[in-house]
Amino acid sequence: MPNWKKVITSGSNAHLNEITASGNISSSGIITGEGLVISDDAEITDDLTVGGDLEIANSGGPKLKLNTAAVGTADSIINFQKNSISQYTIGSDNESTSTFRINSGGSIAGTTDFAMDSSGNVTIQGKMTADSYDDINVDGNITASGNISASGDSHTFGGSITASNLKLGDNNIRYIDSTATLTTEA
């Protein structure tokens with residue numbers, strides 16, 4: 001039986017079972033297929049839109065790397081959207097000192113909801129809440145520009161409290177003399 005070869009001509013609609021190439025394959029249009037298996041590295045130099053789930057699987061521990069080689073204001077970010085509206089953005093900004101940021105909305109520029117610099121210093125905008133079973137431990141000083149309040153029956157401090165006016169319940173406490181006598185006044 002003869003081994004027939006198909007000849008593909010310009011403008012024809014070729015239907016082939018398999019294409020094997022030892023060199024590059026290029027297209028000026030869209031390549032459509034049922035599946036794509038790449039057994040080595042792949043490089044996409046433009047946008048990639050995935051209409052389904054994106055699963056990263058590797059028996060050695062999957063990794064997702066965001067590498068910004070650009071100089072200037074380009075940030076490496078992951079943007080979470082709902083109905084094409086940005087809800088949250090996480091990423092590393094392109095400042096002189098890299099800062100990991102989380103922000104509500106579509107940007108990590110400027111003041112963000114959460115920021116951690118490369119030294120481990122953390123800034124949180126807004127309220128931080130812990131449930132009654134959690135401890136918040138701090139090594140170092142706590143500085144507040146507003147009021148500090150605590151609820152409960154007992155509070156233990158292992159250091160000193162410096163205040164121009166300290167109030168317990170309905171009474172103000174004043175330091176009276178060098179004998180460390182405290183008095184309350186209604």
# chains A, B, ... in the order shown; residues from 1 in each chain; ligands from 1
$ select_by_dssp --residues "range 61-108 of chain A" --states "strand (DSSP E)" --output "list in words"
Ser76, Ile77, Ile78, Asn79, Phe80, Gln81, Lys82, Ile85, Ser86, Gln87, Tyr88, Thr89, Ile90, Gly91, Ser92, Asp93, Thr99, Phe100, Arg101, Ile102, Asn103 and Ser104 of chain A
$ residues_around --residues "Gly120 in chain A" --least-positions-apart "4" --cutoff "10 Å" --atoms "only C-alpha atoms" --output "PDB file with C-alpha atoms, in the first residue's frame"
ATOM      1  CA  THR A  99       8.296  45.951  51.073  1.00  0.00           C
ATOM      2  CA  PHE A 100       5.672  43.196  50.980  1.00  0.00           C
ATOM      3  CA  ALA A 115       3.227  46.394  55.000  1.00  0.00           C
ATOM      4  CA  MET A 116       6.294  44.387  56.060  1.00  0.00           C
TER       5      MET A 116
END
$ atom_distance --atom1 "CA of Thr156 in chain A" --atom2 "CA of Gln125 in chain A"
27.1 Å
$ residues_around --residues "Ile124 in chain A" --least-positions-apart "2" --cutoff "9 Å" --atoms "only C-alpha atoms" --output "PyMOL selection string"
chain A and resi 112-116+122+126-128
$ write_last_selection --atoms "all heavy atoms" --output "PDB file, in the first residue's frame"
ATOM      1  N   THR A 112      -0.720  51.345  52.560  1.00  0.00           N
ATOM      2  CA  THR A 112      -1.476  50.111  52.347  1.00  0.00           C
ATOM      3  C   THR A 112      -2.001  49.580  53.672  1.00  0.00           C
ATOM      4  O   THR A 112      -1.584  50.003  54.748  1.00  0.00           O
ATOM      5  CB  THR A 112      -0.600  49.049  51.662  1.00  0.00           C
ATOM      6  OG1 THR A 112       0.589  48.855  52.430  1.00  0.00           O
ATOM      7  CG2 THR A 112      -0.224  49.457  50.251  1.00  0.00           C
ATOM      8  N   ASP A 113      -2.930  48.611  53.589  1.00  0.00           N
ATOM      9  CA  ASP A 113      -3.520  48.024  54.790  1.00  0.00           C
ATOM     10  C   ASP A 113      -2.489  47.281  55.638  1.00  0.00           C
ATOM     11  O   ASP A 113      -2.558  47.283  56.859  1.00  0.00           O
ATOM     12  CB  ASP A 113      -4.643  47.050  54.409  1.00  0.00           C
ATOM     13  CG  ASP A 113      -5.767  47.738  53.652  1.00  0.00           C
ATOM     14  OD1 ASP A 113      -5.936  48.953  53.812  1.00  0.00           O
ATOM     15  OD2 ASP A 113      -6.473  47.049  52.895  1.00  0.00           O
ATOM     16  N   PHE A 114      -1.504  46.629  54.996  1.00  0.00           N
ATOM     17  CA  PHE A 114      -0.472  45.858  55.682  1.00  0.00           C
ATOM     18  C   PHE A 114       0.828  46.045  54.922  1.00  0.00           C
ATOM     19  O   PHE A 114       0.845  45.990  53.697  1.00  0.00           O
ATOM     20  CB  PHE A 114      -0.852  44.366  55.699  1.00  0.00           C
ATOM     21  CG  PHE A 114       0.210  43.464  56.263  1.00  0.00           C
ATOM     22  CD1 PHE A 114       0.208  43.129  57.607  1.00  0.00           C
ATOM     23  CD2 PHE A 114       1.201  42.941  55.451  1.00  0.00           C
ATOM     24  CE1 PHE A 114       1.182  42.285  58.128  1.00  0.00           C
ATOM     25  CE2 PHE A 114       2.185  42.103  55.966  1.00  0.00           C
ATOM     26  CZ  PHE A 114       2.171  41.774  57.312  1.00  0.00           C
ATOM     27  N   ALA A 115       1.911  46.270  55.637  1.00  0.00           N
ATOM     28  CA  ALA A 115       3.227  46.394  55.000  1.00  0.00           C
ATOM     29  C   ALA A 115       4.275  45.760  55.904  1.00  0.00           C
ATOM     30  O   ALA A 115       4.254  45.946  57.117  1.00  0.00           O
ATOM     31  CB  ALA A 115       3.571  47.854  54.735  1.00  0.00           C
ATOM     32  N   MET A 116       5.175  44.969  55.317  1.00  0.00           N
ATOM     33  CA  MET A 116       6.294  44.387  56.060  1.00  0.00           C
ATOM     34  C   MET A 116       7.562  44.632  55.248  1.00  0.00           C
ATOM     35  O   MET A 116       7.666  44.209  54.100  1.00  0.00           O
ATOM     36  CB  MET A 116       6.102  42.893  56.283  1.00  0.00           C
ATOM     37  CG  MET A 116       7.251  42.270  57.082  1.00  0.00           C
ATOM     38  SD  MET A 116       6.991  40.548  57.542  1.00  0.00           S
ATOM     39  CE  MET A 116       6.926  39.759  55.956  1.00  0.00           C
ATOM     40  N   VAL A 122       6.548  45.635  60.702  1.00  0.00           N
ATOM     41  CA  VAL A 122       5.190  45.519  60.170  1.00  0.00           C
ATOM     42  C   VAL A 122       4.399  46.777  60.498  1.00  0.00           C
ATOM     43  O   VAL A 122       4.457  47.286  61.614  1.00  0.00           O
ATOM     44  CB  VAL A 122       4.472  44.280  60.762  1.00  0.00           C
ATOM     45  CG1 VAL A 122       3.017  44.238  60.357  1.00  0.00           C
ATOM     46  CG2 VAL A 122       5.186  43.005  60.336  1.00  0.00           C
ATOM     47  N   GLY A 126      -5.549  50.556  60.275  1.00  0.00           N
ATOM     48  CA  GLY A 126      -6.861  50.098  60.722  1.00  0.00           C
ATOM     49  C   GLY A 126      -6.767  49.367  62.037  1.00  0.00           C
ATOM     50  O   GLY A 126      -5.809  49.505  62.793  1.00  0.00           O
ATOM     51  N   LYS A 127      -7.747  48.555  62.321  1.00  0.00           N
ATOM     52  CA  LYS A 127      -7.888  47.896  63.609  1.00  0.00           C
ATOM     53  C   LYS A 127      -7.348  46.473  63.544  1.00  0.00           C
ATOM     54  O   LYS A 127      -7.586  45.766  62.574  1.00  0.00           O
ATOM     55  CB  LYS A 127      -9.378  47.869  63.943  1.00  0.00           C
ATOM     56  CG  LYS A 127      -9.725  47.424  65.313  1.00  0.00           C
ATOM     57  CD  LYS A 127     -11.244  47.458  65.454  1.00  0.00           C
ATOM     58  CE  LYS A 127     -11.653  47.637  66.878  1.00  0.00           C
ATOM     59  NZ  LYS A 127     -13.112  47.685  66.997  1.00  0.00           N
ATOM     60  N   MET A 128      -6.619  46.047  64.582  1.00  0.00           N
ATOM     61  CA  MET A 128      -6.143  44.680  64.682  1.00  0.00           C
ATOM     62  C   MET A 128      -6.893  44.013  65.820  1.00  0.00           C
ATOM     63  O   MET A 128      -6.908  44.532  66.937  1.00  0.00           O
ATOM     64  CB  MET A 128      -4.637  44.645  64.951  1.00  0.00           C
ATOM     65  CG  MET A 128      -4.074  43.252  64.906  1.00  0.00           C
ATOM     66  SD  MET A 128      -2.281  43.219  65.020  1.00  0.00           S
ATOM     67  CE  MET A 128      -2.036  43.383  66.763  1.00  0.00           C
TER      68      MET A 128
END
